[in-house]
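Note: the block below is upload_18.tsv and it holds TSV, C-alpha atoms.
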chain	number	residue	atom	x	y	z
A	70	MET	CA	18.20	-29.08	18.02
A	71	SER	CA	18.43	-25.86	19.92
A	72	VAL	CA	17.10	-24.35	23.12
A	73	THR	CA	16.88	-20.97	21.43
A	74	GLY	CA	13.79	-19.53	19.87
A	75	GLU	CA	15.01	-19.31	16.29
A	76	PRO	CA	17.52	-21.36	14.33
A	77	GLY	CA	21.01	-20.01	14.77
A	78	ALA	CA	19.96	-17.57	17.50
A	79	THR	CA	21.80	-17.38	20.79
A	80	LEU	CA	20.78	-16.36	24.27
A	81	THR	CA	23.50	-13.74	24.49
A	82	LYS	CA	22.43	-10.11	24.22
A	83	ASP	CA	24.51	-7.30	22.87
A	84	ALA	CA	26.17	-5.02	25.37
A	85	GLU	CA	24.03	-2.09	26.35
A	86	PRO	CA	25.32	1.41	25.66
A	87	GLY	CA	27.06	2.85	28.68
A	88	GLY	CA	27.36	-0.55	30.37
A	89	ASP	CA	30.41	-2.65	31.10
A	90	PRO	CA	33.09	-2.74	28.37
A	91	THR	CA	32.51	-5.46	25.85
A	92	LEU	CA	34.84	-8.42	25.60
A	93	GLY	CA	36.29	-7.09	22.38
A	94	GLU	CA	36.97	-3.69	23.98
A	95	GLN	CA	38.67	-5.37	26.92
A	96	ALA	CA	40.77	-7.50	24.58
A	97	THR	CA	42.08	-4.52	22.64
A	98	ARG	CA	43.84	-3.06	25.67
A	99	ARG	CA	47.48	-3.42	24.74
A	100	VAL	CA	50.46	-3.53	27.04
A	101	PRO	CA	52.65	-0.39	26.68
A	102	GLY	CA	56.03	-0.87	25.07
A	103	LYS	CA	57.74	0.18	28.30
A	104	ALA	CA	56.22	-2.84	30.05
A	105	TRP	CA	57.87	-5.20	27.57
A	106	LEU	CA	61.20	-3.42	28.00
A	107	GLY	CA	60.78	-3.82	31.75
A	108	LEU	CA	60.07	-7.51	31.31
A	109	LEU	CA	63.17	-8.00	29.16
A	110	ALA	CA	65.26	-6.08	31.69
A	111	GLY	CA	63.86	-8.27	34.46
A	112	ILE	CA	64.81	-11.49	32.68
A	113	VAL	CA	68.33	-10.19	32.00
A	114	LEU	CA	68.60	-9.12	35.65
A	115	VAL	CA	67.58	-12.60	36.86
A	116	MET	CA	70.13	-14.25	34.54
A	117	ALA	CA	72.85	-11.85	35.69
A	118	ALA	CA	72.01	-12.45	39.35
A	119	GLY	CA	72.18	-16.20	38.78
A	120	ALA	CA	75.59	-15.90	37.14
A	121	ILE	CA	76.90	-13.69	39.97
A	122	GLY	CA	75.54	-16.17	42.51
A	123	LEU	CA	77.41	-19.01	40.82
A	124	LYS	CA	80.64	-17.04	40.85
A	125	SER	CA	80.33	-16.00	44.50
A	126	ASP	CA	78.89	-19.33	45.72
A	127	ALA	CA	75.97	-17.48	47.30
A	128	GLN	CA	73.63	-20.47	47.47
A	129	ALA	CA	71.06	-18.92	49.82
A	130	ALA	CA	70.74	-15.82	47.65
A	131	VAL	CA	70.25	-17.88	44.50
A	132	LEU	CA	67.65	-20.05	46.27
A	133	VAL	CA	65.65	-16.95	47.16
A	134	LEU	CA	66.02	-15.77	43.56
A	135	VAL	CA	64.68	-19.09	42.23
A	136	ILE	CA	61.69	-18.92	44.56
A	137	VAL	CA	60.93	-15.38	43.40
A	138	VAL	CA	61.20	-16.44	39.74
A	139	ALA	CA	58.84	-19.37	40.42
A	140	LEU	CA	56.29	-17.04	42.02
A	141	VAL	CA	56.59	-14.69	39.03
A	142	PHE	CA	55.76	-17.67	36.83
A	143	ASP	CA	52.79	-18.41	39.08
A	144	TYR	CA	51.63	-14.83	38.61
A	145	THR	CA	51.98	-14.98	34.81
A	146	ASN	CA	50.17	-18.32	34.94
A	147	GLY	CA	47.30	-16.55	36.69
A	148	PHE	CA	46.79	-13.78	34.16
A	149	HIS	CA	47.58	-16.10	31.24
A	150	ASP	CA	45.03	-18.69	32.35
A	151	ALA	CA	42.41	-16.39	33.91
A	152	ALA	CA	40.45	-16.78	30.70
A	153	ASN	CA	40.17	-20.54	31.20
A	154	ALA	CA	37.79	-20.21	34.11
A	155	ILE	CA	35.73	-17.19	33.12
A	156	ALA	CA	35.81	-16.64	29.34
A	157	THR	CA	32.56	-18.48	28.78
A	158	SER	CA	30.78	-16.70	31.65
A	159	VAL	CA	31.88	-13.26	30.43
A	160	SER	CA	31.13	-13.92	26.77
A	161	THR	CA	27.56	-15.01	27.60
A	162	ARG	CA	27.09	-12.04	29.98
A	163	ALA	CA	26.44	-14.39	32.89
A	164	LEU	CA	29.05	-12.38	34.82
A	165	THR	CA	30.60	-8.96	34.29
A	166	PRO	CA	34.34	-9.08	33.51
A	167	ARG	CA	35.45	-7.57	36.83
A	168	ALA	CA	33.09	-9.68	38.94
A	169	ALA	CA	34.20	-12.80	37.06
A	170	LEU	CA	37.87	-12.03	37.67
A	171	LEU	CA	37.27	-11.39	41.37
A	172	MET	CA	35.37	-14.65	41.70
A	173	ALA	CA	38.08	-16.54	39.81
A	174	ALA	CA	40.83	-15.04	41.99
A	175	VAL	CA	39.09	-16.10	45.20
A	176	MET	CA	38.32	-19.62	43.94
A	177	ASN	CA	41.88	-20.00	42.62
A	178	MET	CA	43.13	-19.20	46.11
A	179	LEU	CA	40.83	-21.79	47.69
A	180	GLY	CA	41.63	-24.43	45.08
A	181	ALA	CA	45.36	-24.06	45.68
A	182	LEU	CA	44.85	-25.07	49.30
A	183	LEU	CA	43.04	-28.35	48.53
A	184	GLY	CA	45.88	-30.71	47.65
A	185	VAL	CA	49.59	-31.27	46.95
A	186	GLU	CA	49.76	-34.53	44.97
A	187	VAL	CA	50.24	-32.76	41.63
A	188	ALA	CA	53.05	-30.72	43.20
A	189	LYS	CA	54.85	-33.92	44.16
A	190	THR	CA	54.53	-35.21	40.60
A	191	VAL	CA	56.07	-32.03	39.16
A	192	SER	CA	58.95	-32.09	41.66
A	193	GLU	CA	59.87	-35.60	40.48
A	194	VAL	CA	60.12	-34.87	36.73
A	195	ILE	CA	63.90	-34.31	36.86
A	196	LYS	CA	66.70	-34.79	39.38
A	197	PRO	CA	69.03	-31.82	39.00
A	198	PRO	CA	72.52	-31.64	40.53
A	199	ASP	CA	72.81	-30.57	44.16
A	200	GLY	CA	73.59	-27.02	45.23
A	201	LEU	CA	74.05	-23.98	43.02
A	202	HIS	CA	74.29	-25.91	39.78
A	203	GLY	CA	70.91	-27.51	40.41
A	204	LEU	CA	69.35	-24.15	41.25
A	205	THR	CA	70.43	-22.72	37.90
A	206	VAL	CA	68.75	-25.68	36.18
A	207	VAL	CA	65.46	-25.03	38.02
A	208	ALA	CA	65.63	-21.27	37.41
A	209	ALA	CA	66.32	-21.75	33.69
A	210	GLY	CA	63.34	-24.08	33.38
A	211	VAL	CA	60.98	-21.57	34.97
A	212	LEU	CA	62.32	-18.68	32.86
A	213	GLY	CA	61.70	-20.72	29.71
A	214	ALA	CA	58.10	-21.26	30.80
A	215	ILE	CA	57.59	-17.57	31.64
A	216	THR	CA	58.92	-16.48	28.25
A	217	TRP	CA	56.63	-18.84	26.32
A	218	ASN	CA	53.65	-17.82	28.49
A	219	LEU	CA	54.17	-14.17	27.62
A	220	ILE	CA	54.67	-14.84	23.90
A	221	THR	CA	51.44	-16.83	23.60
A	222	TRP	CA	49.57	-14.37	25.84
A	223	TYR	CA	50.62	-11.47	23.61
A	224	PHE	CA	49.27	-13.20	20.50
A	225	GLY	CA	46.11	-14.35	22.31
A	226	LEU	CA	46.83	-18.08	22.01
A	227	PRO	CA	45.53	-20.23	24.91
A	228	SER	CA	48.59	-22.44	25.25
A	229	SER	CA	49.28	-24.52	28.34
A	230	SER	CA	51.22	-22.96	31.20
A	231	SER	CA	51.48	-26.44	32.70
A	232	HIS	CA	53.23	-27.91	29.70
A	233	ALA	CA	55.36	-24.78	29.29
A	234	LEU	CA	56.63	-25.37	32.83
A	235	ILE	CA	57.24	-29.09	32.30
A	236	GLY	CA	58.89	-28.40	28.93
A	237	GLY	CA	61.11	-25.71	30.46
A	238	VAL	CA	62.24	-27.93	33.30
A	239	VAL	CA	62.93	-30.87	30.97
A	240	GLY	CA	64.81	-28.62	28.52
A	241	ALA	CA	67.02	-27.22	31.28
A	242	GLY	CA	67.52	-30.75	32.57
A	243	LEU	CA	68.67	-32.01	29.19
A	244	ALA	CA	70.96	-29.02	28.67
A	245	SER	CA	72.60	-29.66	32.05
A	246	ALA	CA	72.81	-33.44	31.56
A	247	SER	CA	70.53	-33.92	34.58
A	248	SER	CA	68.55	-37.10	35.08
A	249	VAL	CA	65.10	-36.77	33.43
A	250	HIS	CA	62.51	-39.24	34.71
A	251	TRP	CA	60.96	-40.02	31.35
A	252	GLU	CA	58.45	-42.48	32.80
A	253	LYS	CA	56.96	-39.60	34.80
A	254	VAL	CA	56.97	-37.32	31.77
A	255	VAL	CA	55.19	-39.94	29.65
A	256	ASP	CA	52.72	-41.32	32.20
A	257	LYS	CA	51.84	-38.12	34.06
A	258	VAL	CA	52.32	-35.45	31.38
A	259	ALA	CA	52.38	-36.70	27.77
A	260	ILE	CA	49.52	-39.20	27.96
A	261	PRO	CA	47.18	-36.92	29.97
A	262	MET	CA	48.10	-34.08	27.57
A	263	VAL	CA	46.65	-36.08	24.69
A	264	VAL	CA	43.80	-37.81	26.51
A	265	SER	CA	42.31	-34.88	28.47
A	266	PRO	CA	41.37	-32.74	25.41
A	267	VAL	CA	39.85	-35.76	23.65
A	268	VAL	CA	37.81	-36.67	26.71
A	269	GLY	CA	36.86	-33.02	27.16
A	270	PHE	CA	35.57	-32.74	23.60
A	271	PHE	CA	33.41	-35.87	23.60
A	272	LEU	CA	32.18	-35.55	27.19
A	273	ALA	CA	31.15	-31.93	26.62
A	274	TYR	CA	29.41	-32.97	23.42
A	275	LEU	CA	27.40	-35.62	25.29
A	276	VAL	CA	26.56	-33.28	28.16
A	277	MET	CA	25.32	-30.64	25.72
A	278	VAL	CA	23.23	-33.18	23.80
A	279	ALA	CA	21.65	-34.26	27.10
A	280	LEU	CA	20.84	-30.65	28.02
A	281	LEU	CA	19.32	-29.97	24.61
A	282	TRP	CA	17.12	-33.05	24.97
A	283	ILE	CA	16.05	-32.27	28.53
A	284	PHE	CA	15.14	-28.65	27.77
A	285	ARG	CA	13.86	-29.17	24.22
A	286	LYS	CA	10.34	-27.96	25.15
A	287	ALA	CA	11.34	-25.26	27.64
A	288	ASN	CA	10.87	-21.54	27.12
A	289	PRO	CA	14.15	-20.18	25.62
A	290	SER	CA	14.11	-16.96	27.64
A	291	ARG	CA	13.53	-18.76	30.92
A	292	VAL	CA	16.19	-21.35	30.10
A	293	GLY	CA	18.68	-18.59	29.33
A	294	ARG	CA	18.09	-16.87	32.68
A	295	ARG	CA	18.43	-20.09	34.64
A	296	PHE	CA	21.57	-21.14	32.88
A	297	ARG	CA	23.15	-17.77	33.53
A	298	ILE	CA	22.76	-18.50	37.24
A	299	ALA	CA	24.01	-22.07	36.78
A	300	GLN	CA	26.95	-20.78	34.80
A	301	SER	CA	28.09	-18.63	37.71
A	302	LEU	CA	28.37	-21.84	39.74
A	303	SER	CA	30.11	-23.79	36.98
A	304	ALA	CA	32.60	-20.94	36.47
A	305	ALA	CA	33.38	-20.98	40.20
A	306	SER	CA	33.88	-24.74	40.01
A	307	MET	CA	36.18	-24.32	37.03
A	308	ALA	CA	38.23	-21.65	38.84
A	309	LEU	CA	38.53	-23.93	41.87
A	310	GLY	CA	39.87	-26.71	39.63
A	311	HIS	CA	42.29	-24.28	38.01
A	312	GLY	CA	43.69	-23.33	41.41
A	313	LEU	CA	43.88	-26.99	42.42
A	314	GLN	CA	45.89	-27.84	39.32
A	315	ASP	CA	48.02	-24.83	38.42
A	316	ALA	CA	49.18	-23.53	41.81
A	317	GLN	CA	50.48	-27.01	42.63
A	318	LYS	CA	52.81	-26.96	39.64
A	319	THR	CA	54.66	-23.96	41.02
A	320	MET	CA	54.70	-25.59	44.45
A	321	GLY	CA	56.44	-28.55	42.84
A	322	ILE	CA	59.13	-26.30	41.34
A	323	ILE	CA	59.84	-24.61	44.67
A	324	VAL	CA	59.99	-27.99	46.43
A	325	LEU	CA	62.45	-29.15	43.74
A	326	ALA	CA	64.65	-26.13	44.52
A	327	LEU	CA	64.43	-26.84	48.27
A	328	VAL	CA	65.36	-30.50	47.73
A	329	THR	CA	68.32	-29.45	45.55
A	330	THR	CA	69.73	-27.33	48.39
A	331	GLY	CA	68.96	-29.82	51.15
A	332	HIS	CA	66.12	-27.79	52.73
A	333	SER	CA	63.47	-30.46	52.08
A	334	ASN	CA	63.25	-34.20	51.52
A	335	GLY	CA	60.48	-33.78	48.93
A	336	ASP	CA	57.94	-35.85	50.86
A	337	SER	CA	55.78	-32.85	51.77
A	338	VAL	CA	55.06	-29.28	50.71
A	339	PRO	CA	55.73	-26.62	53.38
A	340	LEU	CA	52.72	-24.50	54.34
A	341	TRP	CA	54.48	-21.25	53.43
A	342	VAL	CA	55.06	-22.58	49.90
A	343	ILE	CA	51.35	-23.43	49.54
A	344	VAL	CA	50.23	-20.00	50.76
A	345	CYS	CA	52.73	-18.08	48.59
A	346	CYS	CA	51.80	-20.00	45.43
A	347	ALA	CA	48.08	-19.63	46.11
A	348	GLY	CA	48.47	-15.88	46.60
A	349	ALA	CA	50.60	-15.33	43.48
A	350	LEU	CA	48.19	-17.29	41.27
A	351	SER	CA	45.22	-15.44	42.73
A	352	LEU	CA	46.78	-12.01	42.15
A	353	GLY	CA	47.73	-12.94	38.60
A	354	THR	CA	44.20	-14.13	37.93
A	355	TYR	CA	42.76	-10.82	39.09
A	356	ALA	CA	45.14	-9.01	36.73
A	357	GLY	CA	43.18	-10.71	33.96
A	358	GLY	CA	43.85	-12.18	30.54
A	359	TRP	CA	41.57	-10.30	28.17
A	360	ARG	CA	43.30	-11.31	24.93
A	361	ILE	CA	43.01	-15.04	25.52
A	362	MET	CA	39.51	-14.59	26.93
A	363	ARG	CA	38.40	-13.19	23.59
A	364	THR	CA	39.83	-16.20	21.72
A	365	LEU	CA	38.07	-18.72	23.96
A	366	GLY	CA	34.84	-16.78	24.40
A	367	ARG	CA	34.17	-15.63	20.85
A	368	LYS	CA	36.57	-16.83	18.20
A	369	VAL	CA	36.20	-20.59	18.68
A	370	ILE	CA	32.39	-20.73	18.91
A	371	GLU	CA	29.63	-18.24	19.71
A	372	LEU	CA	28.50	-19.29	23.17
A	373	ASP	CA	25.18	-19.04	24.97
A	374	PRO	CA	24.64	-19.84	28.69
A	375	PRO	CA	23.71	-23.54	28.22
A	376	LYS	CA	26.83	-24.14	26.12
A	377	GLY	CA	28.98	-22.24	28.59
A	378	PHE	CA	27.61	-24.25	31.50
A	379	ALA	CA	28.19	-27.57	29.72
A	380	ALA	CA	31.79	-26.67	28.84
A	381	GLU	CA	32.68	-25.46	32.34
A	382	ALA	CA	31.00	-28.35	34.16
A	383	THR	CA	32.76	-30.88	31.94
A	384	SER	CA	36.15	-29.23	32.40
A	385	SER	CA	35.72	-29.12	36.19
A	386	ILE	CA	35.06	-32.85	36.37
A	387	ILE	CA	38.19	-33.63	34.35
A	388	LEU	CA	40.39	-31.29	36.41
A	389	TYR	CA	39.26	-32.80	39.72
A	390	ALA	CA	39.64	-36.37	38.47
A	391	ALA	CA	43.16	-35.71	37.16
A	392	ALA	CA	44.27	-34.07	40.44
A	393	TYR	CA	42.75	-36.48	42.94
A	394	ILE	CA	42.76	-39.81	41.07
A	395	TRP	CA	45.77	-39.73	38.72
A	396	HIS	CA	47.85	-36.91	40.33
A	397	ALA	CA	48.52	-35.69	36.80
A	398	PRO	CA	49.30	-32.01	35.98
A	399	ILE	CA	46.89	-31.59	33.07
A	400	SER	CA	46.26	-28.35	31.27
A	401	THR	CA	43.19	-26.31	32.17
A	402	THR	CA	43.64	-24.54	28.82
A	403	HIS	CA	43.50	-27.75	26.80
A	404	THR	CA	40.53	-29.00	28.78
A	405	ILE	CA	38.26	-25.95	28.54
A	406	THR	CA	39.14	-25.25	24.90
A	407	SER	CA	38.31	-28.78	23.78
A	408	ALA	CA	35.10	-28.68	25.84
A	409	ILE	CA	34.07	-25.43	24.13
A	410	MET	CA	34.64	-27.06	20.74
A	411	GLY	CA	32.66	-30.10	21.89
A	412	VAL	CA	29.57	-28.11	22.87
A	413	GLY	CA	29.84	-26.08	19.67
A	414	ALA	CA	29.85	-29.22	17.55
A	415	THR	CA	26.35	-30.11	18.82
A	416	LYS	CA	24.92	-27.29	16.73
A	417	ARG	CA	26.79	-28.32	13.61
A	418	LEU	CA	30.43	-29.01	12.88
A	419	SER	CA	30.74	-25.85	10.82
A	420	ALA	CA	29.69	-23.77	13.85
A	421	VAL	CA	33.16	-24.35	15.31
A	422	ARG	CA	35.76	-22.07	13.75
A	423	TRP	CA	38.21	-24.85	12.97
A	424	GLY	CA	40.82	-22.46	11.60
A	425	VAL	CA	41.13	-20.77	15.00
A	426	ALA	CA	41.01	-24.19	16.67
A	427	GLY	CA	43.87	-25.29	14.41
A	428	ASN	CA	45.99	-22.34	15.49
A	429	ILE	CA	45.36	-23.29	19.11
A	430	VAL	CA	46.41	-26.89	18.46
A	431	VAL	CA	49.63	-25.65	16.84
A	432	ALA	CA	50.35	-23.64	20.01
A	433	TRP	CA	49.71	-26.79	22.05
A	434	VAL	CA	52.16	-28.83	19.98
A	435	LEU	CA	54.85	-26.15	20.08
A	436	THR	CA	54.57	-25.37	23.81
A	437	MET	CA	56.79	-28.05	25.34
A	438	PRO	CA	59.63	-27.97	22.76
A	439	ALA	CA	59.58	-24.14	22.57
A	440	ALA	CA	59.73	-23.71	26.34
A	441	ALA	CA	62.42	-26.41	26.49
A	442	ALA	CA	64.53	-24.60	23.88
A	443	VAL	CA	64.27	-21.25	25.67
A	444	ALA	CA	65.13	-22.89	29.01
A	445	ALA	CA	68.18	-24.60	27.50
A	446	ILE	CA	69.43	-21.28	26.09
A	447	VAL	CA	68.91	-19.54	29.45
A	448	TYR	CA	70.79	-22.35	31.26
A	449	TRP	CA	73.75	-22.19	28.86
A	450	LEU	CA	73.97	-18.41	29.21
A	451	VAL	CA	73.77	-18.38	33.00
A	452	HIS	CA	76.16	-21.30	33.36
A	453	PHE	CA	78.62	-19.84	30.84
A	454	PHE	CA	78.90	-16.49	32.61
A	455	GLY	CA	78.74	-18.02	36.07
A	456	ALA	CA	81.18	-20.88	35.54

Whole structure given in structure tokens:
Amino acid sequence: MSVTGEPGATLTKDAEPGGDPTLGEQATRRVPGKAWLGLLAGIVLVMAAGAIGLKSDAQAAVLVLVIVVALVFDYTNGFHDAANAIATSVSTRALTPRAALLMAAVMNMLGALLGVEVAKTVSEVIKPPDGLHGLTVVAAGVLGAITWNLITWYFGLPSSSSHALIGGVVGAGLASASSVHWEKVVDKVAIPMVVSPVVGFFLAYLVMVALLWIFRKANPSRVGRRFRIAQSLSAASMALGHGLQDAQKTMGIIVLALVTTGHSNGDSVPLWVIVCCAGALSLGTYAGGWRIMRTLGRKVIELDPPKGFAAEATSSIILYAAAYIWHAPISTTHTITSAIMGVGATKRLSAVRWGVAGNIVVAWVLTMPAAAAVAAIVYWLVHFFGA
């Protein structure tokens, strides 16, 4: 069953000559080699500064450094996960790439201001040592997450920034012999990590079947136009949910650093932390994530506006429920990707490019242990030179 005029047709038109760059053209913009050298130099600089701070007992300086590193992660989270909220809207031409990014940046900012419960969950994953030693644990965890984010972004794999952050923090915690609250990791991270994509797939499938049934006799051209408008709203809703979820994870890391140094009791999130995290995520989102956008918007399933709307609406519901009901830091990447596969399966199972989907699942599985391993290495290096 299809709302399109002919079997196998979609409601997406080809880009017009002289118009906005196509998604493929945007995705082929590569980062210059100098940028990667700058990134490597930045990571080495942060590790060196941490080691110097340990030697000189400059706790305040290291705390500021950890906060800066956390905000850098928030920024990379923004451009890494920008595709989550807008890939479907851009690929169906419901929004132009630049307009979609601007909308996503604004909604990410607003979403980050709507709650702090997920932040509290993240801040309770581990209990690092007090003082400088604890700060190095937190910094190592965030650096592990940043490194994995950039690796997966470079190869265009929509892995989870959320689970990279949790994996990094847990890896640094294990390397430092800190107390890891495994019940939190299992109940609030591991179980939602498995359940949310499954729910996303089947719920999106059912929503798409319902839409196909409701509009089975409608004019395809008129349906396409209306769903392009609806998709603008669903993309905004998705971006709001992304801000609600992902900015809070960085808030949790900064609160953990403040608790470690005695600047907070962990019961609340300071307003300046909320504003800084919201701003960093919003700026990162506007920087864009064209590579991952291409994977979600084209390589998994060819999308039309009804499919895009169904995927985004489903993902939004799951993100809000996880944040407000379960206080669980779920992955926006996992949720939207599984929803896209769910709506694609309504056409036929072979319409989903399962090979690409398999590569994405591999990235999901590797995210937490890979980020944990990198974080452990960073911790050992910083602690070795700073001891």

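Separating CA of Gly293 in chain A from CA of Val175 in chain A is a distance of 26.0 Å.
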
re CA of Val328 in chain A and CA of Val344 in chain A: distance 18.7 Å

So how far away is CA of Val207 in chain A from CA of Thr329 in chain A, in Å?
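About the pair CA of Thr329 in chain A and CA of Val207 in chain A: they are 9.2 Å apart.
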
Which residue is closest to Leu313 in chain A? Choose from A:Ser351, A:Asn177, A:Ser160, A:Ser247 and count all atoms listed in the file.
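So, comparing all the options, the nearest one is A:Asn177.
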
Would you pick out the contacts of Ile399 in chain A at 8 Å or less, using only C-alpha atoms, so that residues sharing its chain but fewer than 6 positions from it are not included, and give the list as a ChimeraX atom specification?
/A:231,258,261-262,265,314,388,391

Could you check the closest approach to Gly348 in chain A for each of A:Val268, A:Val412, A:Met320, A:Ala442 and tell me which residue wins, using all atoms listed in the file?
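Among the listed residues, the smallest separation from Gly348 in chain A belongs to A:Met320.
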
If we count all atoms listed in the file, what is near Ile136 in chain A at a cut-off of 12 Å, once residues fewer than 5 positions away on the same chain are taken out, given as a PDB file with C-alpha atoms, in the frame of the given file?
ATOM      1  CA  VAL A 115      67.580 -12.600  36.860  1.00  0.00           C
ATOM      2  CA  ALA A 129      71.060 -18.920  49.820  1.00  0.00           C
ATOM      3  CA  ALA A 130      70.740 -15.820  47.650  1.00  0.00           C
ATOM      4  CA  VAL A 131      70.250 -17.880  44.500  1.00  0.00           C
ATOM      5  CA  VAL A 141      56.590 -14.690  39.030  1.00  0.00           C
ATOM      6  CA  PHE A 142      55.760 -17.670  36.830  1.00  0.00           C
ATOM      7  CA  ASP A 143      52.790 -18.410  39.080  1.00  0.00           C
ATOM      8  CA  LEU A 204      69.350 -24.150  41.250  1.00  0.00           C
ATOM      9  CA  THR A 205      70.430 -22.720  37.900  1.00  0.00           C
ATOM     10  CA  VAL A 207      65.460 -25.030  38.020  1.00  0.00           C
ATOM     11  CA  ALA A 208      65.630 -21.270  37.410  1.00  0.00           C
ATOM     12  CA  VAL A 211      60.980 -21.570  34.970  1.00  0.00           C
ATOM     13  CA  LEU A 212      62.320 -18.680  32.860  1.00  0.00           C
ATOM     14  CA  THR A 319      54.660 -23.960  41.020  1.00  0.00           C
ATOM     15  CA  MET A 320      54.700 -25.590  44.450  1.00  0.00           C
ATOM     16  CA  GLY A 321      56.440 -28.550  42.840  1.00  0.00           C
ATOM     17  CA  ILE A 322      59.130 -26.300  41.340  1.00  0.00           C
ATOM     18  CA  ILE A 323      59.840 -24.610  44.670  1.00  0.00           C
ATOM     19  CA  VAL A 324      59.990 -27.990  46.430  1.00  0.00           C
ATOM     20  CA  LEU A 325      62.450 -29.150  43.740  1.00  0.00           C
ATOM     21  CA  ALA A 326      64.650 -26.130  44.520  1.00  0.00           C
ATOM     22  CA  LEU A 327      64.430 -26.840  48.270  1.00  0.00           C
ATOM     23  CA  TRP A 341      54.480 -21.250  53.430  1.00  0.00           C
ATOM     24  CA  VAL A 342      55.060 -22.580  49.900  1.00  0.00           C
ATOM     25  CA  CYS A 345      52.730 -18.080  48.590  1.00  0.00           C
ATOM     26  CA  CYS A 346      51.800 -20.000  45.430  1.00  0.00           C
ATOM     27  CA  ALA A 349      50.600 -15.330  43.480  1.00  0.00           C
TER      28      ALA A 349
END

Taking all atoms listed in the file into account, name the residue in A:Ser230, A:Pro374, A:Arg162, A:Gly242 that is nearest to Ala445 in chain A.
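Residue with the minimum atom-to-atom distance to Ala445 in chain A: A:Gly242.
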
Of the residues A:Asp150, A:Glu193, A:Asp199, A:Asp256, which is the one nearest to Ala316 in chain A, using all atoms listed in the file?
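Closest to Ala316 in chain A of all the choices is A:Asp150.
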
For Val187 in chain A, please output as number ranges by chain all residues within 7 Å (counting only C-alpha atoms; exclusion window: fewer than 6 positions along the same chain).
A: 314, 317-318, 392, 396-398

Contact residues around Met437 in chain A with only C-alpha atoms at 7 Å, ignoring same-chain residues under 6 positions, as a VMD selection string
chain A and resid 232 to 233 236

Near Ala299 in chain A, within 9 Å and counting all atoms listed in the file, which residues show up once chain neighbours fewer than 5 positions away are dropped, as a PDB file with C-alpha atoms, in the coordinates of the input?
ATOM      1  CA  ALA A 163      26.440 -14.390  32.890  1.00  0.00           C
ATOM      2  CA  ARG A 294      18.090 -16.870  32.680  1.00  0.00           C
ATOM      3  CA  ALA A 304      32.600 -20.940  36.470  1.00  0.00           C
ATOM      4  CA  PRO A 374      24.640 -19.840  28.690  1.00  0.00           C
ATOM      5  CA  PRO A 375      23.710 -23.540  28.220  1.00  0.00           C
ATOM      6  CA  PHE A 378      27.610 -24.250  31.500  1.00  0.00           C
TER       7      PHE A 378
END

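Proximity to Val267 in chain A was assessed for A:Ser384, A:Thr161, A:Ser290, A:Gln300 counting only C-alpha atoms; the smallest distance is recorded for A:Ser384.
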
Within 12 Å of (48.2, -14.8, 37.9) in the file's own coordinates, which protein, DNA or RNA residues have an atom, counting only C-alpha atoms? List them as a PyMOL selection string.
chain A and resi 139-153+170-171+173-175+177-178+215+218-219+230+311-312+315-316+319+346-358
